[in-house]
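With mmCIF, C-alpha atoms inside, this is query-v4.cif:
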data_my_file
#
loop_
_atom_site.group_PDB
_atom_site.id
_atom_site.type_symbol
_atom_site.label_atom_id
_atom_site.label_comp_id
_atom_site.auth_asym_id
_atom_site.auth_seq_id
_atom_site.Cartn_x
_atom_site.Cartn_y
_atom_site.Cartn_z
ATOM 1 C CA MET A 23 40.720 68.486 110.771
ATOM 2 C CA ALA A 24 40.221 64.776 110.133
ATOM 3 C CA LEU A 25 39.982 65.308 106.376
ATOM 4 C CA GLY A 26 43.176 67.354 106.406
ATOM 5 C CA LEU A 27 44.991 64.577 108.258
ATOM 6 C CA MET A 28 43.543 61.957 105.922
ATOM 7 C CA ALA A 29 44.685 63.866 102.830
ATOM 8 C CA SER A 30 48.250 64.214 104.115
ATOM 9 C CA LEU A 31 49.475 62.150 107.064
ATOM 10 C CA VAL A 32 47.305 59.060 106.544
ATOM 11 C CA VAL A 33 47.961 58.908 102.801
ATOM 12 C CA GLY A 34 51.646 59.375 103.624
ATOM 13 C CA VAL A 35 51.492 56.092 105.514
ATOM 14 C CA TYR A 36 50.193 54.387 102.393
ATOM 15 C CA PHE A 37 53.072 55.809 100.338
ATOM 16 C CA GLN A 38 55.517 54.713 103.028
ATOM 17 C CA GLN A 39 54.411 51.113 102.761
ATOM 18 C CA LEU A 40 54.293 51.170 98.964
ATOM 19 C CA SER A 41 57.792 52.677 98.755
ATOM 20 C CA ASN A 42 59.149 49.627 100.605
ATOM 21 C CA ILE A 43 58.344 47.587 97.505
ATOM 22 C CA LYS A 44 61.426 47.675 95.290
ATOM 23 C CA VAL A 45 59.671 48.602 92.052
ATOM 24 C CA LEU A 46 57.851 51.435 93.861
ATOM 25 C CA SER A 47 60.875 52.890 95.647
ATOM 26 C CA PHE A 48 60.506 56.053 93.529
ATOM 27 C CA LEU A 49 57.647 57.012 95.887
ATOM 28 C CA ALA A 50 60.106 57.682 98.734
ATOM 29 C CA PRO A 51 60.139 61.489 98.234
ATOM 30 C CA LEU A 52 56.370 61.540 98.728
ATOM 31 C CA VAL A 53 56.850 59.798 102.059
ATOM 32 C CA ASN A 54 59.194 62.531 103.290
ATOM 33 C CA MET A 55 56.795 65.301 102.286
ATOM 34 C CA ALA A 56 53.884 63.667 104.122
ATOM 35 C CA SER A 57 55.776 62.474 107.186
ATOM 36 C CA PRO A 58 54.573 63.387 110.710
ATOM 37 C CA LYS A 59 57.391 65.971 110.966
ATOM 38 C CA SER A 60 56.481 67.799 107.755
ATOM 39 C CA PRO A 61 54.744 71.215 107.800
ATOM 40 C CA VAL A 62 52.708 69.912 104.855
ATOM 41 C CA ILE A 63 50.488 68.138 107.400
ATOM 42 C CA GLY A 64 49.700 71.390 109.167
ATOM 43 C CA ALA A 65 49.067 73.141 105.853
ATOM 44 C CA ALA A 66 46.551 70.469 104.834
ATOM 45 C CA VAL A 67 44.786 70.761 108.187
ATOM 46 C CA GLY A 68 44.710 74.553 107.906
ATOM 47 C CA VAL A 69 43.151 74.524 104.434
ATOM 48 C CA ALA A 70 40.617 71.878 105.465
ATOM 49 C CA ILE A 71 39.501 73.918 108.482
ATOM 50 C CA ALA A 72 39.167 77.184 106.561
ATOM 51 C CA TYR A 73 37.241 75.397 103.807
ATOM 52 C CA ALA A 74 34.908 73.811 106.370
ATOM 53 C CA LEU A 75 34.261 77.284 107.800
ATOM 54 C CA LYS A 76 33.227 78.375 104.278
ATOM 55 C CA LYS A 77 35.727 81.222 104.165
ATOM 56 C CA ARG A 78 36.695 83.182 101.070
ATOM 57 C CA PRO A 79 39.463 81.785 98.806
ATOM 58 C CA LEU A 80 42.219 84.134 100.030
ATOM 59 C CA VAL A 81 41.507 83.120 103.643
ATOM 60 C CA ILE A 82 41.642 79.444 102.698
ATOM 61 C CA TYR A 83 44.949 79.831 100.869
ATOM 62 C CA ALA A 84 46.510 81.797 103.741
ATOM 63 C CA SER A 85 45.303 79.157 106.183
ATOM 64 C CA ALA A 86 47.829 76.758 104.660
ATOM 65 C CA VAL A 87 50.465 79.007 106.216
ATOM 66 C CA THR A 88 48.766 79.387 109.611
ATOM 67 C CA GLY A 89 48.206 75.634 109.817
ATOM 68 C CA ALA A 90 51.845 74.950 109.023
ATOM 69 C CA ILE A 91 53.037 77.514 111.581
ATOM 70 C CA GLY A 92 50.823 76.066 114.296
ATOM 71 C CA TYR A 93 51.853 72.515 113.439
ATOM 72 C CA MET A 94 55.580 73.221 113.547
ATOM 73 C CA ALA A 95 55.472 75.631 116.525
ATOM 74 C CA GLY A 96 57.837 74.758 119.350
ATOM 75 C CA ALA A 97 59.967 72.447 117.196
ATOM 76 C CA GLY A 98 56.922 70.467 116.153
ATOM 77 C CA MET A 99 55.224 70.400 119.562
ATOM 78 C CA GLY A 100 52.176 72.190 118.171
ATOM 79 C CA GLY A 101 51.138 69.181 116.106
ATOM 80 C CA PRO A 102 47.584 68.768 114.772
ATOM 81 C CA VAL A 103 46.095 70.749 117.659
ATOM 82 C CA GLY A 104 48.467 73.658 117.053
ATOM 83 C CA ALA A 105 47.506 73.604 113.374
ATOM 84 C CA TYR A 106 43.837 73.536 114.324
ATOM 85 C CA VAL A 107 44.092 76.478 116.723
ATOM 86 C CA GLY A 108 46.191 78.604 114.389
ATOM 87 C CA ALA A 109 44.021 77.929 111.354
ATOM 88 C CA LEU A 110 40.772 78.438 113.262
ATOM 89 C CA VAL A 111 41.750 81.828 114.703
ATOM 90 C CA GLY A 112 43.380 82.991 111.484
ATOM 91 C CA ALA A 113 40.389 82.001 109.356
ATOM 92 C CA GLU A 114 37.871 83.669 111.642
ATOM 93 C CA ILE A 115 39.787 86.947 111.940
ATOM 94 C CA GLY A 116 40.822 86.953 108.302
ATOM 95 C CA GLY A 117 37.192 86.395 107.402
ATOM 96 C CA LEU A 118 36.300 89.690 109.088
ATOM 97 C CA VAL A 119 38.269 91.734 106.545
ATOM 98 C CA ALA A 120 37.989 89.493 103.479
ATOM 99 C CA GLY A 121 36.266 91.275 100.614
ATOM 100 C CA LYS A 122 35.820 94.491 102.611
ATOM 101 C CA THR A 123 38.497 96.703 100.987
ATOM 102 C CA LYS A 124 40.189 97.273 97.646
ATOM 103 C CA LEU A 125 43.392 95.947 99.208
ATOM 104 C CA ASP A 126 41.811 92.532 99.710
ATOM 105 C CA ILE A 127 44.507 90.604 97.837
ATOM 106 C CA VAL A 128 47.144 91.834 100.314
ATOM 107 C CA LEU A 129 45.188 92.682 103.450
ATOM 108 C CA THR A 130 43.237 89.417 103.780
ATOM 109 C CA PRO A 131 46.220 87.016 103.750
ATOM 110 C CA PHE A 132 48.235 89.474 105.854
ATOM 111 C CA VAL A 133 45.601 89.608 108.608
ATOM 112 C CA THR A 134 44.905 85.868 108.400
ATOM 113 C CA ILE A 135 48.570 84.899 108.715
ATOM 114 C CA LEU A 136 49.326 87.522 111.362
ATOM 115 C CA ALA A 137 46.469 86.468 113.644
ATOM 116 C CA GLY A 138 46.604 82.719 113.030
ATOM 117 C CA GLY A 139 50.380 82.557 112.909
ATOM 118 C CA MET A 140 50.849 84.371 116.208
ATOM 119 C CA VAL A 141 48.211 82.302 118.017
ATOM 120 C CA GLY A 142 49.508 79.051 116.559
ATOM 121 C CA HIS A 143 53.104 79.968 117.406
ATOM 122 C CA LEU A 144 52.321 81.015 120.988
ATOM 123 C CA ALA A 145 49.501 78.673 122.010
ATOM 124 C CA GLY A 146 50.175 75.648 119.815
ATOM 125 C CA PRO A 147 53.173 74.207 121.686
ATOM 126 C CA GLY A 148 51.479 74.418 125.091
ATOM 127 C CA ILE A 149 48.225 72.870 123.914
ATOM 128 C CA GLY A 150 50.044 70.234 121.882
ATOM 129 C CA ALA A 151 52.316 69.353 124.802
ATOM 130 C CA PHE A 152 49.305 69.025 127.101
ATOM 131 C CA MET A 153 47.556 66.656 124.672
ATOM 132 C CA LEU A 154 50.675 64.523 124.307
ATOM 133 C CA SER A 155 51.188 64.453 128.087
ATOM 134 C CA LEU A 156 47.606 63.340 128.533
ATOM 135 C CA GLY A 157 48.221 60.685 125.907
ATOM 136 C CA ASP A 158 51.314 59.494 127.780
ATOM 137 C CA VAL A 159 49.214 59.104 130.920
ATOM 138 C CA ILE A 160 46.605 57.109 128.996
ATOM 139 C CA ASN A 161 49.264 54.890 127.397
ATOM 140 C CA ALA A 162 50.951 54.252 130.756
ATOM 141 C CA ALA A 163 47.648 53.646 132.545
ATOM 142 C CA THR A 164 46.674 51.080 129.924
ATOM 143 C CA LEU A 165 49.819 49.093 130.651
ATOM 144 C CA LEU A 166 49.052 49.173 134.383
ATOM 145 C CA GLN A 167 45.287 48.600 134.112
ATOM 146 C CA PRO A 168 44.678 46.966 130.722
ATOM 147 C CA VAL A 169 41.177 45.737 131.549
ATOM 148 C CA LEU A 170 39.774 48.997 132.917
ATOM 149 C CA MET A 171 41.498 51.203 130.367
ATOM 150 C CA GLY A 172 40.563 48.829 127.572
ATOM 151 C CA ILE A 173 36.914 49.303 128.498
ATOM 152 C CA VAL A 174 37.170 53.089 128.797
ATOM 153 C CA ILE A 175 39.231 53.736 125.658
ATOM 154 C CA ALA A 176 37.272 51.392 123.399
ATOM 155 C CA ALA A 177 33.934 52.795 124.542
ATOM 156 C CA ILE A 178 35.010 56.422 124.111
ATOM 157 C CA MET A 179 36.467 55.835 120.650
ATOM 158 C CA SER A 180 33.417 53.834 119.610
ATOM 159 C CA LEU A 181 31.234 56.806 120.467
ATOM 160 C CA ALA A 182 33.673 59.340 118.998
ATOM 161 C CA ILE A 183 33.941 57.762 115.554
ATOM 162 C CA THR A 184 30.157 57.930 115.115
ATOM 163 C CA SER A 185 29.809 61.397 116.625
ATOM 164 C CA PRO A 186 30.828 64.745 115.073
ATOM 165 C CA ILE A 187 34.140 64.396 116.946
ATOM 166 C CA SER A 188 37.097 63.209 114.881
ATOM 167 C CA SER A 189 38.386 59.999 116.460
ATOM 168 C CA ALA A 190 41.419 60.087 114.136
ATOM 169 C CA ALA A 191 42.374 63.616 115.152
ATOM 170 C CA LEU A 192 41.803 62.729 118.807
ATOM 171 C CA ALA A 193 44.087 59.687 118.649
ATOM 172 C CA ILE A 194 46.833 61.552 116.776
ATOM 173 C CA SER A 195 46.650 64.602 119.050
ATOM 174 C CA LEU A 196 46.906 62.394 122.146
ATOM 175 C CA GLY A 197 49.656 60.283 120.622
ATOM 176 C CA LEU A 198 47.909 57.027 121.517
ATOM 177 C CA SER A 199 50.222 54.066 121.051
ATOM 178 C CA GLY A 200 50.742 50.453 122.090
ATOM 179 C CA LEU A 201 47.864 48.742 123.883
ATOM 180 C CA ALA A 202 45.923 51.989 124.261
ATOM 181 C CA ALA A 203 45.956 52.460 120.494
ATOM 182 C CA GLY A 204 44.967 48.818 120.049
ATOM 183 C CA ALA A 205 41.926 49.316 122.277
ATOM 184 C CA ALA A 206 41.060 52.512 120.402
ATOM 185 C CA THR A 207 41.144 50.718 117.052
ATOM 186 C CA THR A 208 38.946 47.948 118.407
ATOM 187 C CA GLY A 209 36.431 50.470 119.728
ATOM 188 C CA CYS A 210 36.285 52.214 116.352
ATOM 189 C CA CYS A 211 35.809 48.872 114.600
ATOM 190 C CA CYS A 212 32.977 47.964 116.967
ATOM 191 C CA ALA A 213 31.125 51.068 115.799
ATOM 192 C CA MET A 214 31.894 50.703 112.097
ATOM 193 C CA ILE A 215 31.558 46.953 111.678
ATOM 194 C CA GLY A 216 28.769 46.772 114.244
ATOM 195 C CA PHE A 217 26.589 49.388 112.534
ATOM 196 C CA ALA A 218 27.352 47.879 109.119
ATOM 197 C CA VAL A 219 26.003 44.517 110.251
ATOM 198 C CA ILE A 220 23.022 45.567 112.376
ATOM 199 C CA SER A 221 21.802 48.081 109.767
ATOM 200 C CA PHE A 222 22.052 45.614 106.881
ATOM 201 C CA ARG A 223 18.267 45.107 106.783
ATOM 202 C CA ASP A 224 17.838 48.858 106.311
ATOM 203 C CA ASN A 225 20.759 49.698 104.018
ATOM 204 C CA GLY A 226 21.756 46.501 102.204
ATOM 205 C CA VAL A 227 25.155 45.819 100.633
ATOM 206 C CA GLU A 228 25.871 49.475 99.870
ATOM 207 C CA GLY A 229 25.396 50.347 103.537
ATOM 208 C CA LEU A 230 27.563 47.420 104.581
ATOM 209 C CA ILE A 231 30.455 48.595 102.421
ATOM 210 C CA ALA A 232 29.995 52.287 103.255
ATOM 211 C CA GLN A 233 30.279 51.663 106.977
ATOM 212 C CA THR A 234 32.879 48.884 106.909
ATOM 213 C CA VAL A 235 35.522 50.748 104.915
ATOM 214 C CA GLY A 236 34.032 54.239 105.169
ATOM 215 C CA THR A 237 32.655 55.596 108.422
ATOM 216 C CA SER A 238 29.863 54.985 110.911
ATOM 217 C CA LYS A 239 29.203 58.747 110.987
ATOM 218 C CA VAL A 240 26.489 58.132 108.403
ATOM 219 C CA GLN A 241 24.448 56.812 111.344
ATOM 220 C CA LEU A 242 24.684 60.084 113.289
ATOM 221 C CA PRO A 243 21.230 61.359 112.187
ATOM 222 C CA ASN A 244 19.677 58.074 113.315
ATOM 223 C CA VAL A 245 21.575 58.139 116.615
ATOM 224 C CA LEU A 246 20.322 61.659 117.312
ATOM 225 C CA ARG A 247 16.780 60.676 116.385
ATOM 226 C CA LYS A 248 16.780 57.392 118.319
ATOM 227 C CA PRO A 249 19.811 57.055 120.663
ATOM 228 C CA VAL A 250 19.063 53.417 121.575
ATOM 229 C CA VAL A 251 20.501 52.294 118.232
ATOM 230 C CA TRP A 252 23.897 53.214 119.712
ATOM 231 C CA ILE A 253 23.597 50.512 122.397
ATOM 232 C CA PRO A 254 24.633 47.375 120.403
ATOM 233 C CA THR A 255 27.908 48.831 119.077
ATOM 234 C CA THR A 256 28.798 50.510 122.377
ATOM 235 C CA ALA A 257 28.126 47.288 124.279
ATOM 236 C CA ALA A 258 30.422 45.455 121.866
ATOM 237 C CA ALA A 259 33.186 47.996 122.540
ATOM 238 C CA LEU A 260 32.785 47.626 126.316
ATOM 239 C CA VAL A 261 33.270 43.863 126.007
ATOM 240 C CA LEU A 262 35.953 43.702 123.317
ATOM 241 C CA GLY A 263 38.132 46.609 124.492
ATOM 242 C CA PRO A 264 39.618 44.684 127.425
ATOM 243 C CA LEU A 265 39.974 41.561 125.270
ATOM 244 C CA ALA A 266 42.066 43.596 122.831
ATOM 245 C CA THR A 267 44.415 44.783 125.598
ATOM 246 C CA THR A 268 44.736 41.413 127.371
ATOM 247 C CA LEU A 269 43.969 38.194 125.510
ATOM 248 C CA PHE A 270 44.806 39.521 122.041
ATOM 249 C CA GLY A 271 47.494 42.021 123.060
ATOM 250 C CA MET A 272 46.595 44.324 120.162
ATOM 251 C CA GLU A 273 48.827 47.332 119.530
ATOM 252 C CA ASN A 274 48.764 50.215 117.092
ATOM 253 C CA ASN A 275 50.221 53.673 116.472
ATOM 254 C CA PRO A 276 48.627 57.155 116.639
ATOM 255 C CA VAL A 277 47.810 57.234 112.923
ATOM 256 C CA GLY A 278 45.849 53.973 112.944
ATOM 257 C CA ALA A 279 44.354 54.190 116.439
ATOM 258 C CA GLY A 280 41.351 56.338 115.572
ATOM 259 C CA MET A 281 40.655 55.104 112.043
ATOM 260 C CA GLY A 282 39.041 51.730 112.688
ATOM 261 C CA GLY A 283 38.426 50.062 109.337
ATOM 262 C CA SER A 284 38.265 53.299 107.353
ATOM 263 C CA GLY A 285 40.329 52.662 104.241
ATOM 264 C CA PHE A 286 41.875 49.762 106.200
ATOM 265 C CA VAL A 287 44.195 52.325 107.818
ATOM 266 C CA GLY A 288 43.645 50.829 111.276
ATOM 267 C CA GLN A 289 44.470 47.343 110.064
ATOM 268 C CA ILE A 290 47.534 48.355 108.043
ATOM 269 C CA ASN A 291 48.993 50.247 110.983
ATOM 270 C CA THR A 292 48.154 47.448 113.395
ATOM 271 C CA TYR A 293 50.173 45.086 111.233
ATOM 272 C CA ILE A 294 53.033 47.591 110.914
ATOM 273 C CA THR A 295 53.147 48.123 114.690
ATOM 274 C CA MET A 296 52.986 44.448 115.648
ATOM 275 C CA ALA A 297 55.191 43.109 112.844
ATOM 276 C CA GLY A 298 58.315 41.418 114.132
ATOM 277 C CA SER A 299 56.892 40.631 117.552
ATOM 278 C CA GLN A 300 54.929 37.622 116.272
ATOM 279 C CA PRO A 301 54.261 35.745 113.021
ATOM 280 C CA GLY A 302 52.508 37.722 110.307
ATOM 281 C CA TRP A 303 49.746 35.139 109.894
ATOM 282 C CA LEU A 304 48.942 35.391 113.596
ATOM 283 C CA ILE A 305 48.687 39.184 113.444
ATOM 284 C CA ILE A 306 46.313 38.950 110.474
ATOM 285 C CA LEU A 307 44.224 36.353 112.300
ATOM 286 C CA LYS A 308 43.990 38.556 115.397
ATOM 287 C CA ILE A 309 42.998 41.547 113.279
ATOM 288 C CA ALA A 310 40.279 39.531 111.567
ATOM 289 C CA VAL A 311 38.872 38.219 114.848
ATOM 290 C CA ILE A 312 39.025 41.220 117.210
ATOM 291 C CA GLN A 313 38.452 43.972 114.634
ATOM 292 C CA TYR A 314 35.887 42.300 112.373
ATOM 293 C CA ILE A 315 34.363 38.987 113.445
ATOM 294 C CA LEU A 316 33.789 39.687 117.148
ATOM 295 C CA PRO A 317 32.548 43.290 116.673
ATOM 296 C CA ALA A 318 30.009 41.989 114.149
ATOM 297 C CA ALA A 319 28.933 39.074 116.350
ATOM 298 C CA ALA A 320 28.737 41.030 119.625
ATOM 299 C CA SER A 321 26.824 43.953 118.086
ATOM 300 C CA PHE A 322 24.414 41.628 116.308
ATOM 301 C CA ALA A 323 23.736 39.625 119.483
ATOM 302 C CA VAL A 324 22.667 42.760 121.372
ATOM 303 C CA TYR A 325 20.776 44.072 118.336
ATOM 304 C CA ALA A 326 18.876 40.776 117.931
ATOM 305 C CA TRP A 327 17.686 40.939 121.542
ATOM 306 C CA MET A 328 16.667 44.585 121.224
ATOM 307 C CA ARG A 329 14.861 43.855 117.969
ATOM 308 C CA LYS A 330 13.028 40.949 119.582
ATOM 309 C CA LYS A 331 11.891 43.315 122.347
ATOM 310 C CA SER A 332 10.857 45.866 119.685
ATOM 311 C CA ILE A 333 13.324 48.401 121.078
ATOM 312 C CA ILE A 334 14.887 48.678 117.625
ATOM 313 C CA ARG A 335 12.656 48.420 114.560
ATOM 314 C CA ASP A 336 13.050 48.283 110.799
ATOM 315 C CA GLY A 337 14.000 51.665 109.395
ATOM 316 C CA ASP A 338 15.633 52.936 112.605
ATOM 317 C CA MET A 339 19.097 52.823 111.022
ATOM 318 C CA LYS A 340 18.265 53.642 107.415
ATOM 319 C CA PHE A 341 20.578 56.242 105.876
ATOM 320 C CA THR A 342 19.080 59.715 105.818
ATOM 321 C CA ALA A 343 19.691 59.977 102.077
ATOM 322 C CA GLN A 344 17.435 56.975 101.548
ATOM 323 C CA GLN A 345 14.575 58.181 103.717
#
Exercise: express the given structure as structure tokens:
Amino acid sequence: MALGLMASLVVGVYFQQLSNIKVLSFLAPLVNMASPKSPVIGAAVGVAIAYALKKRPLVIYASAVTGAIGYMAGAGMGGPVGAYVGALVGAEIGGLVAGKTKLDIVLTPFVTILAGGMVGHLAGPGIGAFMLSLGDVINAATLLQPVLMGIVIAAIMSLAITSPISSAALAISLGLSGLAAGAATTGCCCAMIGFAVISFRDNGVEGLIAQTVGTSKVQLPNVLRKPVVWIPTTAAALVLGPLATTLFGMENNPVGAGMGGSGFVGQINTYITMAGSQPGWLIILKIAVIQYILPAAASFAVYAWMRKKSIIRDGDMKFTAQQ
């Protein structure tokens, strides 16, 4: 789901910003095709899910349709979750008949679209509306209780971005915005930047780059093997989340909220969201401090203490591929 969103909606944001440059205005049509209201987003999610489930080609191709139907169901209320549900059901049921008859070329896409399309059309709007309503509650609660919600949101997103859960899909499905999205971005950065810094002894420059602009999910095998390595980055999120919502007043939108520093999507969208409310140089300074410098410093401080106590040792955070 996250890869589908990255290949459509997130890249659409890049095109949107590039098209604002006069000499690159010809990119505007690409922005419209990859906008949040385009069925293309749902189609990308549908294909990504069917591919991840290792389904046959005809099921994967038909899942572009089920994802789009689920995404656009209820005048667009289905959203990413509607696309996910429709594509998941369609792919699984379509997979039951794929390659089983001589009518495969017709029967497989027919069954896939019928099952996934109906489920996405019927269930997508309700599930999508529930997720958005929950997101509205979170956004409102963050305005009322910025300290408490800053702690909770940052910690959850810090854990999510390293876990098998898609933090990006979670943030988009919930429609996190404003201060809540700012706390989410900070939490994601605590995980990514934090792990990049505290695992430098094990992974070197390549590991630093991979986790800073890539993802902290590369640490998942190490987290499962030795959960205590999760403590420094989570502690950083618990401390910096409320600072993001209060002292720094960081804001973001649903697209950037769950991305952290991945491809600099979190930072680009932070700037877009906060632009106009304060000087550009100040926004960039805040981004540098709360999303990079402090996550690195806070995570390293906890890591240094744990290393001194021999709780964390050399090799504990080495990439699996290097072991």
Item to check | Residue IDs satisfying the PyMOL selection byres ((chain A and resi 63-77) around 10), as JSON, numbers by chain | outcome: {"A": [23, 24, 25, 26, 27, 28, 29, 30, 31, 32, 34, 55, 56, 57, 58, 59, 60, 61, 62, 78, 79, 80, 81, 82, 83, 84, 85, 86, 87, 88, 89, 90, 91, 92, 93, 94, 100, 101, 102, 103, 104, 105, 106, 107, 108, 109, 110, 111, 112, 113, 114, 116, 117, 118, 120, 138]}
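Nearest to A:Ile312 of all the residues A:Glu273, A:Glu228, A:Asp158, A:Asp126 is A:Glu273, based on all atoms listed in the file.
In this comparison, which uses all atoms listed in the file, the residue of A:Leu125, A:Leu316, A:Ile305, A:Val169 approaching A:Ala213 most closely is A:Leu316.
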Item to check | Selection under test: the PyMOL selection byres ((chain A and resi 164-167) around 12); residues as an MDAnalysis selection string | outcome: chainID A and resid 157:163 168:176 198:206 263:264 266:268 271:273
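Picture a line from atom CA of A:Lys239 to atom CA of A:Thr184; it runs 4.3 Å.
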Would you fill out stretch 309-330 of chain A with N, CA and C atoms and return it as a compact mmCIF listing (two decimals), keeping the file's coordinate frame?
# COMPACT_ATOMS: atom_id res chain seq x y z
N ILE A 309 43.70 40.40 113.85
CA ILE A 309 43.00 41.55 113.28
C ILE A 309 41.62 41.13 112.80
N ALA A 310 41.56 40.01 112.10
CA ALA A 310 40.28 39.53 111.57
C ALA A 310 39.28 39.23 112.69
N VAL A 311 39.77 38.63 113.77
CA VAL A 311 38.87 38.22 114.85
C VAL A 311 38.42 39.40 115.71
N ILE A 312 39.36 40.18 116.24
CA ILE A 312 39.02 41.22 117.21
C ILE A 312 38.52 42.51 116.56
N GLN A 313 38.87 42.73 115.29
CA GLN A 313 38.45 43.97 114.63
C GLN A 313 37.31 43.79 113.64
N TYR A 314 36.97 42.53 113.33
CA TYR A 314 35.89 42.30 112.37
C TYR A 314 34.86 41.28 112.87
N ILE A 315 35.30 40.07 113.12
CA ILE A 315 34.36 38.99 113.44
C ILE A 315 33.65 39.24 114.78
N LEU A 316 34.41 39.49 115.84
CA LEU A 316 33.79 39.69 117.15
C LEU A 316 32.96 40.97 117.23
N PRO A 317 33.41 42.11 116.67
CA PRO A 317 32.55 43.29 116.67
C PRO A 317 31.21 43.04 115.98
N ALA A 318 31.25 42.30 114.87
CA ALA A 318 30.01 41.99 114.15
C ALA A 318 29.12 41.08 114.99
N ALA A 319 29.72 40.04 115.58
CA ALA A 319 28.93 39.07 116.35
C ALA A 319 28.36 39.69 117.63
N ALA A 320 29.19 40.43 118.36
CA ALA A 320 28.74 41.03 119.62
C ALA A 320 27.64 42.07 119.39
N SER A 321 27.82 42.93 118.40
CA SER A 321 26.82 43.95 118.09
C SER A 321 25.51 43.31 117.64
N PHE A 322 25.63 42.28 116.81
CA PHE A 322 24.41 41.63 116.31
C PHE A 322 23.66 40.91 117.42
N ALA A 323 24.39 40.33 118.38
CA ALA A 323 23.74 39.62 119.48
C ALA A 323 22.87 40.59 120.29
N VAL A 324 23.43 41.76 120.62
CA VAL A 324 22.67 42.76 121.37
C VAL A 324 21.52 43.31 120.53
N TYR A 325 21.80 43.55 119.25
CA TYR A 325 20.78 44.07 118.34
C TYR A 325 19.61 43.09 118.21
N ALA A 326 19.93 41.78 118.08
CA ALA A 326 18.88 40.78 117.93
C ALA A 326 17.95 40.77 119.13
N TRP A 327 18.52 40.90 120.32
CA TRP A 327 17.69 40.94 121.54
C TRP A 327 16.82 42.19 121.56
N MET A 328 17.41 43.32 121.22
CA MET A 328 16.67 44.58 121.22
C MET A 328 15.59 44.59 120.14
N ARG A 329 15.86 43.95 119.04
CA ARG A 329 14.86 43.86 117.97
C ARG A 329 13.71 42.95 118.40
N LYS A 330 14.05 41.87 119.10
CA LYS A 330 13.03 40.95 119.58
C LYS A 330 12.11 41.64 120.57
